$ cat data_21.csv   # CSV, C-alpha atoms
chain,number,residue,atom,x,y,z
A,1,MET,CA,-2.5,8.3,-20.5
A,2,TYR,CA,-0.6,11.6,-20.5
A,3,ALA,CA,-2.6,12.2,-23.7
A,4,GLN,CA,-6.1,11.1,-23.2
A,5,MET,CA,-9.0,10.9,-25.7
A,6,VAL,CA,-7.1,12.6,-28.5
A,7,LYS,CA,-9.5,13.0,-31.4
A,8,SER,CA,-8.0,12.4,-34.8
A,9,GLU,CA,-8.6,15.0,-37.4
A,10,ALA,CA,-10.0,14.3,-40.8
A,11,SER,CA,-7.8,14.9,-43.8
A,12,ASN,CA,-9.0,16.5,-47.0
A,13,ASP,CA,-5.9,15.8,-48.9
A,14,ASP,CA,-5.3,14.2,-52.3
A,15,PRO,CA,-6.0,10.4,-52.0
A,16,ALA,CA,-2.8,9.6,-53.9
A,17,LEU,CA,-0.7,11.6,-51.5
A,18,LEU,CA,-2.5,10.0,-48.6
A,19,ALA,CA,-1.8,6.5,-49.9
A,20,ALA,CA,1.9,7.3,-50.5
A,21,PHE,CA,2.1,8.7,-47.0
A,22,GLN,CA,0.5,5.6,-45.5
A,23,ALA,CA,2.8,3.4,-47.4
A,24,ARG,CA,5.8,5.2,-45.9
A,25,ILE,CA,4.4,4.6,-42.4
A,26,ASP,CA,3.6,1.0,-43.1
A,27,ALA,CA,7.2,0.5,-44.3
A,28,GLY,CA,8.3,1.8,-40.9
A,29,GLU,CA,9.8,5.1,-42.2
A,30,LYS,CA,9.9,8.1,-39.9
A,31,ILE,CA,8.1,11.2,-40.9
A,32,GLU,CA,10.2,14.4,-40.4
A,33,PRO,CA,8.9,17.9,-39.9
A,34,LYS,CA,9.6,19.5,-43.3
A,35,GLU,CA,8.2,16.5,-45.2
A,36,TRP,CA,4.7,16.3,-46.6
A,37,MET,CA,2.1,15.0,-44.2
A,38,PRO,CA,-1.7,15.0,-44.2
A,39,GLU,CA,-3.3,18.0,-42.4
A,40,GLY,CA,-5.1,15.6,-40.1
A,41,TYR,CA,-1.8,13.9,-39.1
A,42,ARG,CA,-0.3,17.3,-38.3
A,43,LYS,CA,-3.3,18.5,-36.2
A,44,THR,CA,-3.8,15.3,-34.3
A,45,LEU,CA,-0.1,15.2,-33.4
A,46,ILE,CA,-0.1,18.8,-32.3
A,47,ARG,CA,-3.0,18.0,-30.0
A,48,GLN,CA,-1.5,14.8,-28.7
A,49,ILE,CA,2.1,16.0,-28.2
A,50,GLY,CA,0.8,19.3,-26.7
A,51,GLN,CA,-1.4,17.4,-24.3
A,52,HIS,CA,1.5,15.2,-23.4
A,53,ALA,CA,3.8,18.2,-22.8
A,54,HIS,CA,1.2,20.0,-20.7
A,55,SER,CA,0.8,16.9,-18.5
A,56,GLU,CA,4.5,16.8,-17.8
A,57,ILE,CA,4.5,20.5,-16.8
A,58,VAL,CA,1.3,20.4,-14.7
A,59,GLY,CA,2.5,17.1,-13.3
A,60,GLN,CA,5.2,19.0,-11.5
A,61,LEU,CA,2.6,20.6,-9.2
A,62,PRO,CA,1.4,17.6,-7.1
A,63,GLU,CA,5.0,16.6,-6.4
A,64,GLY,CA,6.3,20.1,-6.0
A,65,ASN,CA,3.8,20.3,-3.2
A,66,TRP,CA,6.1,18.0,-1.1
A,67,ILE,CA,9.6,19.3,-1.9
A,68,THR,CA,9.7,21.5,1.2
A,69,ARG,CA,8.3,18.7,3.4
A,70,ALA,CA,10.3,15.7,2.3
A,71,PRO,CA,11.2,13.6,5.3
A,72,THR,CA,15.0,13.6,4.7
A,73,LEU,CA,17.5,15.7,2.8
A,74,GLU,CA,18.2,12.8,0.5
A,75,ARG,CA,14.5,12.3,-0.3
A,76,LYS,CA,14.2,16.0,-0.9
A,77,ALA,CA,17.2,16.0,-3.4
A,78,ILE,CA,15.7,13.0,-5.2
A,79,LEU,CA,12.3,14.6,-5.4
A,80,LEU,CA,13.8,17.8,-6.7
A,81,ALA,CA,15.7,15.9,-9.4
A,82,LYS,CA,12.5,14.1,-10.4
A,83,VAL,CA,10.4,17.3,-10.7
A,84,GLN,CA,13.3,18.8,-12.7
A,85,ASP,CA,13.1,15.8,-15.1
A,86,GLU,CA,9.4,16.5,-15.6
A,87,ALA,CA,10.2,20.0,-16.6
A,88,GLY,CA,12.8,18.6,-19.0
A,89,HIS,CA,10.2,16.1,-20.4
A,90,GLY,CA,7.8,19.0,-21.0
A,91,LEU,CA,10.4,20.9,-22.9
A,92,TYR,CA,11.4,18.0,-25.1
A,93,LEU,CA,7.8,17.5,-26.0
A,94,TYR,CA,7.0,21.2,-26.6
A,95,CYS,CA,9.9,21.4,-29.0
A,96,ALA,CA,8.6,18.3,-30.9
A,97,ALA,CA,5.2,19.9,-31.2
A,98,GLU,CA,6.7,23.2,-32.4
A,99,THR,CA,8.3,21.4,-35.4
A,100,LEU,CA,4.7,21.0,-36.6
A,101,GLY,CA,4.2,24.7,-36.9
A,102,VAL,CA,2.6,25.7,-33.6
A,103,SER,CA,4.5,28.2,-31.3
A,104,ARG,CA,5.4,27.7,-27.6
A,105,ASP,CA,3.3,30.6,-26.6
A,106,GLU,CA,0.3,29.3,-28.5
A,107,LEU,CA,0.6,26.0,-26.7
A,108,THR,CA,0.9,27.7,-23.3
A,109,GLU,CA,-2.1,29.9,-24.0
A,110,ALA,CA,-4.1,26.9,-25.1
A,111,LEU,CA,-3.4,25.2,-21.8
A,112,LEU,CA,-4.3,28.3,-19.7
A,113,SER,CA,-7.5,29.0,-21.6
A,114,GLY,CA,-8.6,25.3,-21.2
A,115,LYS,CA,-8.6,24.8,-24.9
A,116,MET,CA,-6.0,22.1,-24.5
A,117,LYS,CA,-6.1,19.4,-21.8
A,118,TYR,CA,-3.6,17.6,-19.6
A,119,SER,CA,-3.9,14.2,-18.0
A,120,SER,CA,-6.8,13.8,-15.6
A,121,ILE,CA,-4.5,12.2,-13.0
A,122,PHE,CA,-2.9,15.6,-12.0
A,123,ASN,CA,-6.2,16.9,-10.8
A,124,TYR,CA,-6.0,14.7,-7.7
A,125,PRO,CA,-4.4,16.1,-4.6
A,126,THR,CA,-1.2,14.7,-2.9
A,127,LEU,CA,-2.2,14.6,0.7
A,128,THR,CA,0.6,12.7,2.4
A,129,TRP,CA,4.2,11.8,1.8
A,130,ALA,CA,3.1,8.3,0.9
A,131,ASP,CA,1.5,9.9,-2.2
A,132,MET,CA,4.9,10.7,-3.5
A,133,GLY,CA,5.5,6.9,-3.5
A,134,ALA,CA,2.2,6.1,-5.1
A,135,VAL,CA,2.6,8.8,-7.8
A,136,GLY,CA,6.1,7.5,-8.8
A,137,TRP,CA,5.1,3.8,-8.6
A,138,LEU,CA,1.6,4.0,-10.2
A,139,VAL,CA,1.4,7.2,-12.2
A,140,ASP,CA,4.9,7.0,-13.7
A,141,GLY,CA,4.4,3.3,-14.0
A,142,ALA,CA,1.2,3.9,-16.1
A,143,ALA,CA,3.0,6.5,-18.1
A,144,ILE,CA,5.8,4.2,-19.0
A,145,MET,CA,3.3,1.6,-20.3
A,146,ASN,CA,2.4,4.1,-23.0
A,147,GLN,CA,5.7,5.8,-23.6
A,148,VAL,CA,7.8,2.7,-24.2
A,149,PRO,CA,5.8,1.8,-27.4
A,150,LEU,CA,5.7,5.4,-28.5
A,151,GLN,CA,9.4,5.4,-29.0
A,152,ARG,CA,8.5,3.6,-32.2
A,153,THR,CA,5.9,6.2,-33.3
A,154,SER,CA,6.0,7.5,-36.9
A,155,PHE,CA,6.8,11.1,-36.2
A,156,GLY,CA,10.6,11.5,-35.8
A,157,PRO,CA,10.8,14.3,-33.3
A,158,TYR,CA,8.1,12.7,-31.1
A,159,ALA,CA,9.9,9.3,-31.2
A,160,ARG,CA,13.2,10.9,-30.3
A,161,ALA,CA,11.7,12.8,-27.4
A,162,MET,CA,10.2,9.6,-26.2
A,163,VAL,CA,13.5,7.8,-26.3
A,164,ARG,CA,15.0,10.5,-24.0
A,165,ILE,CA,12.0,10.4,-21.7
A,166,CYS,CA,11.9,6.6,-21.3
A,167,LYS,CA,15.6,6.6,-20.3
A,168,GLU,CA,14.8,8.9,-17.4
A,169,GLU,CA,11.3,7.6,-16.5
A,170,SER,CA,12.5,4.4,-14.9
A,171,PHE,CA,14.3,6.4,-12.2
A,172,HIS,CA,10.9,8.0,-11.4
A,173,GLN,CA,9.0,4.7,-11.0
A,174,ARG,CA,11.8,3.1,-8.9
A,175,GLN,CA,12.2,6.0,-6.5
A,176,GLY,CA,8.4,5.9,-6.0
A,177,TYR,CA,8.4,2.2,-5.3
A,178,ASP,CA,11.4,2.7,-3.0
A,179,ILE,CA,9.3,5.2,-0.9
A,180,MET,CA,6.4,2.6,-0.8
A,181,MET,CA,8.8,-0.1,0.4
A,182,LYS,CA,10.1,2.0,3.1
A,183,MET,CA,6.7,2.9,4.3
A,184,ALA,CA,5.1,-0.5,3.9
A,185,ARG,CA,7.9,-1.9,6.1
A,186,GLY,CA,7.7,1.0,8.6
A,187,THR,CA,5.5,1.5,11.6
A,188,PRO,CA,1.8,0.4,11.4
A,189,GLU,CA,0.9,4.1,10.9
A,190,GLN,CA,3.3,4.4,8.0
A,191,LYS,CA,2.0,1.2,6.4
A,192,ALA,CA,-1.5,2.6,6.8
A,193,MET,CA,-0.4,5.7,5.0
A,194,ALA,CA,1.0,3.7,2.1
A,195,GLN,CA,-2.2,1.7,1.9
A,196,ASP,CA,-4.3,4.9,1.9
A,197,ALA,CA,-2.2,6.3,-0.9
A,198,LEU,CA,-2.7,3.2,-3.0
A,199,ASN,CA,-6.4,3.3,-2.3
A,200,ARG,CA,-6.7,6.9,-3.5
A,201,PHE,CA,-4.4,6.5,-6.6
A,202,TRP,CA,-5.5,3.1,-7.9
A,203,TYR,CA,-8.6,4.0,-9.9
A,204,PRO,CA,-7.3,7.4,-11.0
A,205,SER,CA,-4.2,5.6,-12.4
A,206,LEU,CA,-6.5,3.1,-14.3
A,207,MET,CA,-8.3,6.1,-15.7
A,208,MET,CA,-5.1,7.5,-17.1
A,209,PHE,CA,-5.4,5.1,-20.0
A,210,GLY,CA,-8.8,6.5,-21.0
A,211,PRO,CA,-12.1,4.7,-21.6
A,212,SER,CA,-12.1,1.6,-23.8
A,213,ASP,CA,-11.4,2.7,-27.4
A,214,LYS,CA,-11.4,-0.6,-29.2
A,215,ASP,CA,-14.3,0.5,-31.4
A,216,SER,CA,-13.2,4.1,-31.8
A,217,VAL,CA,-12.7,5.5,-35.3
A,218,HIS,CA,-10.2,8.1,-33.9
A,219,SER,CA,-8.2,5.4,-32.3
A,220,ALA,CA,-8.2,3.4,-35.5
A,221,GLN,CA,-6.9,6.3,-37.5
A,222,SER,CA,-4.2,7.1,-35.0
A,223,MET,CA,-3.1,3.5,-34.9
A,224,ALA,CA,-2.9,3.4,-38.7
A,225,TRP,CA,-0.7,6.5,-38.5
A,226,LYS,CA,1.4,4.9,-35.8
A,227,ILE,CA,0.9,7.8,-33.4
A,228,LYS,CA,-1.0,5.5,-31.1
A,229,MET,CA,0.6,2.0,-30.7
A,230,ASN,CA,-1.9,0.1,-28.5
A,231,THR,CA,-5.5,0.3,-27.4
A,232,ASN,CA,-6.3,1.8,-24.1
A,233,ASP,CA,-7.6,-1.6,-22.8
A,234,GLU,CA,-4.4,-3.4,-23.8
A,235,LEU,CA,-2.3,-0.9,-21.9
A,236,ARG,CA,-4.5,-0.9,-18.9
A,237,GLN,CA,-4.4,-4.7,-18.7
A,238,LYS,CA,-0.7,-4.7,-19.0
A,239,PHE,CA,-0.4,-2.1,-16.2
A,240,VAL,CA,-2.7,-4.2,-13.9
A,241,ASP,CA,-0.7,-7.3,-14.6
A,242,GLN,CA,2.5,-5.6,-13.7
A,243,THR,CA,1.2,-3.8,-10.6
A,244,VAL,CA,-0.7,-6.4,-8.7
A,245,PRO,CA,2.4,-8.6,-7.9
A,246,GLN,CA,4.3,-5.4,-6.9
A,247,ALA,CA,1.5,-4.5,-4.5
A,248,GLU,CA,1.6,-8.1,-3.1
A,249,TYR,CA,5.3,-7.7,-2.5
A,250,LEU,CA,4.7,-4.6,-0.5
A,251,GLY,CA,2.0,-6.4,1.5
A,252,LEU,CA,-0.6,-3.8,0.4
A,253,THR,CA,-4.0,-4.6,-0.9
A,254,ILE,CA,-5.4,-3.4,-4.3
A,255,PRO,CA,-8.6,-1.6,-3.4
A,256,ASP,CA,-10.7,-3.8,-5.7
A,257,PRO,CA,-12.1,-7.1,-4.5
A,258,ALA,CA,-12.6,-8.2,-8.1
A,259,VAL,CA,-8.8,-8.4,-8.7
A,260,LYS,CA,-8.1,-12.0,-9.4
A,261,TRP,CA,-5.8,-14.0,-11.6
A,262,ASN,CA,-7.5,-15.3,-14.7
A,263,GLU,CA,-5.6,-18.3,-16.0
A,264,GLU,CA,-7.6,-18.4,-19.3
A,265,LYS,CA,-6.7,-14.9,-20.4
A,266,GLY,CA,-3.3,-14.9,-18.7
A,267,GLY,CA,-4.0,-11.7,-16.9
A,268,TYR,CA,-5.8,-10.3,-13.9
A,269,ASP,CA,-9.5,-9.5,-13.8
A,270,PHE,CA,-10.3,-6.1,-12.3
A,271,SER,CA,-13.1,-3.6,-12.0
A,272,GLU,CA,-13.5,-0.7,-14.4
A,273,PRO,CA,-12.9,2.7,-12.8
A,274,ASP,CA,-15.9,5.1,-12.4
A,275,TRP,CA,-16.0,6.7,-15.8
A,276,THR,CA,-18.5,9.3,-14.7
A,277,GLU,CA,-15.8,10.6,-12.3
A,278,PHE,CA,-13.3,10.6,-15.2
A,279,PHE,CA,-15.5,12.7,-17.5
A,280,GLU,CA,-16.2,15.1,-14.6
A,281,VAL,CA,-12.5,15.5,-14.0
A,282,ILE,CA,-11.8,16.0,-17.8
A,283,LYS,CA,-14.6,18.7,-17.9
A,284,GLY,CA,-12.8,20.6,-15.1
A,285,ASN,CA,-14.7,19.4,-12.1
A,286,GLY,CA,-11.9,17.3,-10.4
A,287,PRO,CA,-10.6,18.1,-6.9
A,288,CYS,CA,-7.7,20.3,-8.1
A,289,ASN,CA,-8.4,21.5,-11.7
A,290,ALA,CA,-8.9,25.1,-10.8
A,291,GLU,CA,-5.9,25.1,-8.5
A,292,ARG,CA,-3.6,23.6,-11.1
A,293,ILE,CA,-4.5,26.1,-13.9
A,294,GLU,CA,-4.3,29.0,-11.4
A,295,ALA,CA,-0.8,27.9,-10.5
A,296,ARG,CA,0.3,27.7,-14.2
A,297,GLN,CA,-1.5,31.1,-14.9
A,298,LYS,CA,0.4,32.7,-12.0
A,299,ALA,CA,3.8,31.3,-13.1
A,300,TRP,CA,3.1,32.6,-16.6
A,301,GLU,CA,2.1,36.0,-15.5
A,302,ASP,CA,4.7,36.4,-12.7
A,303,GLY,CA,7.4,35.3,-15.1
A,304,ALA,CA,6.5,37.7,-17.9
A,305,TRP,CA,8.8,40.6,-16.7
A,306,PHE,CA,11.6,38.1,-16.5
A,307,ARG,CA,11.1,36.7,-20.0
A,308,ASP,CA,10.8,40.2,-21.3
A,309,GLY,CA,13.8,41.5,-19.3
A,310,LEU,CA,16.1,38.9,-20.7
A,311,MET,CA,15.0,39.7,-24.2
A,312,ALA,CA,15.7,43.4,-23.6
A,313,HIS,CA,19.1,42.5,-22.2
A,314,ALA,CA,19.9,40.4,-25.2
A,315,ALA,CA,18.9,43.2,-27.6
A,316,LYS,CA,21.0,45.7,-25.7
A,317,GLN,CA,24.0,43.4,-25.8
A,318,ARG,CA,23.6,43.0,-29.5
A,319,THR,CA,23.4,46.8,-30.0
A,320,ALA,CA,26.5,47.3,-27.9
A,321,GLN,CA,28.4,44.7,-29.9
A,322,VAL,CA,27.4,46.3,-33.2
A,323,ALA,CA,28.5,49.7,-31.9
A,324,ALA,CA,31.9,48.3,-30.8
A,325,GLU,CA,32.6,46.7,-34.2
B,1,MET,CA,5.8,43.8,-25.9
B,2,SER,CA,6.0,40.1,-25.2
B,3,SER,CA,7.9,38.2,-27.8
B,4,GLU,CA,8.9,34.6,-27.6
B,5,TRP,CA,12.6,33.7,-26.9
B,6,PRO,CA,14.2,32.6,-30.1
B,7,LEU,CA,14.8,28.9,-30.8
B,8,TRP,CA,18.3,27.3,-30.7
B,9,GLU,CA,19.5,24.0,-31.9
B,10,ILE,CA,21.6,22.1,-29.4
B,11,PHE,CA,24.6,20.0,-30.2
B,12,ILE,CA,26.4,17.9,-27.6
B,13,ARG,CA,29.8,16.1,-27.6
B,14,GLY,CA,29.0,13.0,-25.6
B,15,GLN,CA,32.6,12.0,-24.9
B,16,HIS,CA,36.0,13.1,-25.8
B,17,GLY,CA,36.9,12.1,-29.3
B,18,LEU,CA,33.3,12.0,-30.6
B,19,ASN,CA,31.5,14.5,-32.9
B,20,HIS,CA,29.0,17.0,-31.5
B,21,ARG,CA,25.6,15.6,-32.2
B,22,HIS,CA,22.3,17.3,-32.6
B,23,VAL,CA,20.2,16.4,-29.5
B,24,GLY,CA,17.2,18.8,-29.8
B,25,SER,CA,16.2,22.4,-29.5
B,26,LEU,CA,15.2,25.0,-26.9
B,27,HIS,CA,14.2,28.6,-26.4
B,28,ALA,CA,16.6,31.1,-24.9
B,29,PRO,CA,17.0,34.9,-25.1
B,30,ASP,CA,20.7,34.8,-26.2
B,31,ALA,CA,23.5,32.3,-26.8
B,32,GLU,CA,24.8,32.5,-23.2
B,33,MET,CA,21.5,31.6,-21.8
B,34,ALA,CA,21.0,28.9,-24.5
B,35,VAL,CA,24.2,27.2,-23.2
B,36,LYS,CA,22.9,27.3,-19.6
B,37,HIS,CA,19.5,26.0,-20.6
B,38,ALA,CA,21.1,23.3,-22.7
B,39,ARG,CA,23.1,22.2,-19.7
B,40,ASP,CA,19.9,21.8,-17.6
B,41,VAL,CA,17.7,20.3,-20.4
B,42,TYR,CA,20.1,18.0,-22.2
B,43,THR,CA,22.9,17.0,-19.8
B,44,ARG,CA,21.2,16.2,-16.4
B,45,ARG,CA,22.9,12.8,-16.4
B,46,ASN,CA,26.4,13.4,-17.6
B,47,GLU,CA,25.5,13.2,-21.3
B,48,GLY,CA,28.1,15.7,-22.4
B,49,VAL,CA,31.5,17.2,-22.2
B,50,SER,CA,30.9,20.1,-24.6
B,51,ILE,CA,27.8,22.1,-25.9
B,52,TRP,CA,27.3,24.0,-29.1
B,53,VAL,CA,24.2,26.3,-29.5
B,54,VAL,CA,23.2,27.5,-33.0
B,55,PRO,CA,20.2,29.9,-33.7
B,56,SER,CA,17.7,27.6,-35.5
B,57,ASN,CA,17.1,30.2,-38.2
B,58,ALA,CA,20.9,30.1,-39.1
B,59,ILE,CA,20.5,26.6,-40.4
B,60,THR,CA,20.0,26.0,-44.0
B,61,ALA,CA,18.5,22.6,-44.8
B,62,SER,CA,18.3,20.6,-48.0
B,63,SER,CA,14.7,20.2,-49.1
B,64,PRO,CA,13.0,16.9,-48.6
B,65,SER,CA,11.3,17.1,-52.0
B,66,GLU,CA,14.7,17.3,-53.7
B,67,LYS,CA,16.0,14.2,-52.0
B,68,GLY,CA,16.0,12.3,-55.2
B,69,PRO,CA,18.0,14.6,-57.5
B,70,LEU,CA,20.3,15.6,-54.6
B,71,PHE,CA,21.4,12.1,-53.6
B,72,GLU,CA,20.9,10.2,-56.8
B,73,PRO,CA,24.4,11.0,-58.2
B,74,SER,CA,26.0,9.2,-55.3
B,75,ASN,CA,23.7,6.3,-55.7
B,76,ALA,CA,24.8,5.8,-59.2
B,77,LYS,CA,28.5,5.5,-58.4
B,78,VAL,CA,28.6,2.1,-56.9
B,79,TYR,CA,32.4,1.8,-57.8
B,80,ARG,CA,33.0,4.2,-54.9
B,81,HIS,CA,32.5,1.2,-52.6
B,82,PRO,CA,35.4,-1.2,-52.1
B,83,THR,CA,33.2,-4.2,-52.6
B,84,PHE,CA,32.7,-3.2,-56.3
B,85,PHE,CA,36.2,-4.6,-57.1
B,86,ASP,CA,36.9,-8.4,-57.0
B,87,ILE,CA,40.3,-9.0,-55.7
B,88,PRO,CA,41.5,-12.6,-56.1
B,89,ASP,CA,41.9,-14.6,-52.9
B,90,GLU,CA,45.6,-15.3,-53.7
B,91,VAL,CA,46.3,-11.6,-53.3
B,92,GLY,CA,45.3,-11.8,-49.7
B,93,LYS,CA,43.6,-9.2,-47.6
B,94,MET,CA,43.2,-5.7,-49.1
$ encode --input "data_21.csv" --output "structure tokens"
Amino acid sequence: MYAQMVKSEASNDDPALLAAFQARIDAGEKIEPKEWMPEGYRKTLIRQIGQHAHSEIVGQLPEGNWITRAPTLERKAILLAKVQDEAGHGLYLYCAAETLGVSRDELTEALLSGKMKYSSIFNYPTLTWADMGAVGWLVDGAAIMNQVPLQRTSFGPYARAMVRICKEESFHQRQGYDIMMKMARGTPEQKAMAQDALNRFWYPSLMMFGPSDKDSVHSAQSMAWKIKMNTNDELRQKFVDQTVPQAEYLGLTIPDPAVKWNEEKGGYDFSEPDWTEFFEVIKGNGPCNAERIEARQKAWEDGAWFRDGLMAHAAKQRTAQVAAE
Amino acid sequence: MSSEWPLWEIFIRGQHGLNHRHVGSLHAPDAEMAVKHARDVYTRRNEGVSIWVVPSNAITASSPSEKGPLFEPSNAKVYRHPTFFDIPDEVGKM
């Protein structure tokens, strides 16, 4: 997902307080920033929301790659709006994380130093225009699977950020599918491009949900705290069930011969992605890891004079105002 | 010299006739930029007709641990609700 393999932190808090806290969560109450919370809950959430925010920000890069080369002015305007939304989503999430006592700069620095991760999916290149279709359709589609249930998560600011994000995310997926429809019904070359994009993004999209975690203790803790709402396998299955018929409608083939409807389980059978590849990408050895962080590093450094300049201007204005009074 | 842009709380009036409502927060160097950022971050889809920005550190909040003592007095005054009083049906709607 946008937050993959988030380890939950142990809490060394008073058992009575922990039990009271769990009772509030079980009763469906929202936890707000100034209220008491276990240290583990706070730390796990900072990690999870931070990773989610970083994913939105880094996620602008593979799509930003195509803004200047969009095939029409309308597609360009749509893509710009979509990438701007991703920036907005990053900002909602950073603010939610900051209510837990971490600063924006700390989060940015943790991303740049590699201390915090972002989703594995954004370490794959976007080679053709059809990839803009595949990213919207598959990557945003996978993200929605996870974000819709997170609207009910126990931490108030996170849940509210998710509500805003989900309202906007559907546009992202639909514009992607619209690109795929156009290409799948275009010339044989265009259809081949659409198929190629699906081939390259299928398994990386399945990896977004992370490896099976049905036996993971971290997962169990996060689910008890309602900061994780479903297991990775549940969400992956749901995603496949939703996506296979959509691919059929496009006349495209899922690049997995094992994909087959299973009447008994009421879902599709499919092959697991190559988890060795996933772990390599997470470790930093994906096709674009270095490029992505370099781009963020450059933006951070090149923007420093501007951030400082505006602060200096604000200070000067304040001084002038005081002098005038 | 780098210092982080201060945090602002953003309030938006969604439609004419409604209250401004807290929608979230953002960082900006000053109030003027906070309004511009709020426009971009919180009203990309016509969500507002007016924006207020308030420095986050200017907000004084009630303490969650005092929730009990703070709100208990109003809890105890059930007669403040109209349903506390039984009005006979013969009197009609009141």
$ closest_residue --input "data_21.csv" --among "A:Met132, A:Ala27, A:Ile46, A:Met193" --to "A:Gly59" --atoms "only C-alpha atoms"
A:Met132
$ closest_atom_pairs --input "data_21.csv" --of "chain A" --to "chain B" --cutoff "8 Å" --atoms "all atoms listed in the file" --output "CSV"
residue,atom,partner,partner_atom,distance
A:Lys34,CA,B:Pro64,CA,6.8
A:Glu35,CA,B:Pro64,CA,5.9
A:Gly88,CA,B:Val41,CA,5.4
A:Leu91,CA,B:Leu26,CA,7.5
A:Tyr92,CA,B:Gly24,CA,7.5
A:Cys95,CA,B:Ser25,CA,6.4
A:Arg104,CA,B:Glu4,CA,7.7
A:Asp105,CA,B:Glu4,CA,7.0
A:Ala304,CA,B:Ser2,CA,7.7
A:Arg307,CA,B:Trp5,CA,7.7
A:Asp308,CA,B:Ser2,CA,6.2
A:Leu310,CA,B:Pro29,CA,6.0
A:Met311,CA,B:Pro29,CA,5.3
A:Ala314,CA,B:Asp30,CA,5.7
$ residues_around --input "data_21.csv" --residues "A:Gln48" --least-positions-apart "2" --cutoff "9 Å" --atoms "all atoms listed in the file" --output "list in words"
Tyr2, Ala3, Gln4, Met5, Val6, Lys7, Lys43, Thr44, Leu45, Ile46, Gly50, Gln51, His52, Ala53, Ala97 and Ile227 of chain A
$ atom_distance --input "data_21.csv" --atom1 "atom CA of B:Val54" --atom2 "atom CA of B:Val35"
9.9 Å
$ closest_residue --input "data_21.csv" --among "A:Ser11, A:Ser216, A:Ser119, A:Ser205" --to "A:Arg292" --atoms "only C-alpha atoms"
A:Ser119
$ closest_residue --input "data_21.csv" --among "B:Ile12, B:Leu70, B:Ala34, B:Ala76" --to "B:Glu47" --atoms "all atoms listed in the file"
B:Ile12
$ decode --input "data_21.csv" --residues "stretch 63-75 of chain B" --atoms "N, CA and C atoms" --output "JSON list (two decimals), in the first residue's frame"
[["chain", "number", "residue", "atom", "x", "y", "z"],
["B", 63, "SER", "N", -8.70, 21.47, 27.83],
["B", 63, "SER", "CA", -7.87, 20.28, 28.02],
["B", 63, "SER", "C", -8.72, 19.02, 28.01],
["B", 64, "PRO", "N", -8.29, 18.01, 27.24],
["B", 64, "PRO", "CA", -9.09, 16.77, 27.17],
["B", 64, "PRO", "C", -9.27, 16.12, 28.53],
["B", 65, "SER", "N", -8.26, 16.28, 29.43],
["B", 65, "SER", "CA", -8.37, 15.61, 30.73],
["B", 65, "SER", "C", -9.40, 16.30, 31.63],
["B", 66, "GLU", "N", -9.78, 17.54, 31.28],
["B", 66, "GLU", "CA", -10.78, 18.23, 32.09],
["B", 66, "GLU", "C", -12.17, 18.16, 31.47],
["B", 67, "LYS", "N", -12.29, 17.27, 30.51],
["B", 67, "LYS", "CA", -13.56, 17.13, 29.80],
["B", 67, "LYS", "C", -14.71, 16.92, 30.76],
["B", 68, "GLY", "N", -14.50, 16.08, 31.76],
["B", 68, "GLY", "CA", -15.54, 15.76, 32.74],
["B", 68, "GLY", "C", -16.03, 17.01, 33.46],
["B", 69, "PRO", "N", -15.16, 17.63, 34.30],
["B", 69, "PRO", "CA", -15.57, 18.80, 35.07],
["B", 69, "PRO", "C", -16.10, 19.94, 34.18],
["B", 70, "LEU", "N", -15.53, 20.06, 32.97],
["B", 70, "LEU", "CA", -15.90, 21.18, 32.10],
["B", 70, "LEU", "C", -17.33, 21.06, 31.58],
["B", 71, "PHE", "N", -17.69, 19.84, 31.20],
["B", 71, "PHE", "CA", -18.99, 19.69, 30.53],
["B", 71, "PHE", "C", -20.07, 19.10, 31.42],
["B", 72, "GLU", "N", -19.65, 18.60, 32.59],
["B", 72, "GLU", "CA", -20.61, 17.98, 33.50],
["B", 72, "GLU", "C", -21.76, 18.92, 33.87],
["B", 73, "PRO", "N", -21.48, 20.20, 34.19],
["B", 73, "PRO", "CA", -22.58, 21.08, 34.61],
["B", 73, "PRO", "C", -23.73, 21.13, 33.60],
["B", 74, "SER", "N", -23.42, 21.06, 32.32],
["B", 74, "SER", "CA", -24.50, 21.13, 31.33],
["B", 74, "SER", "C", -25.23, 19.80, 31.23],
["B", 75, "ASN", "N", -24.48, 18.72, 31.52],
["B", 75, "ASN", "CA", -25.09, 17.38, 31.52],
["B", 75, "ASN", "C", -26.20, 17.28, 32.56]]
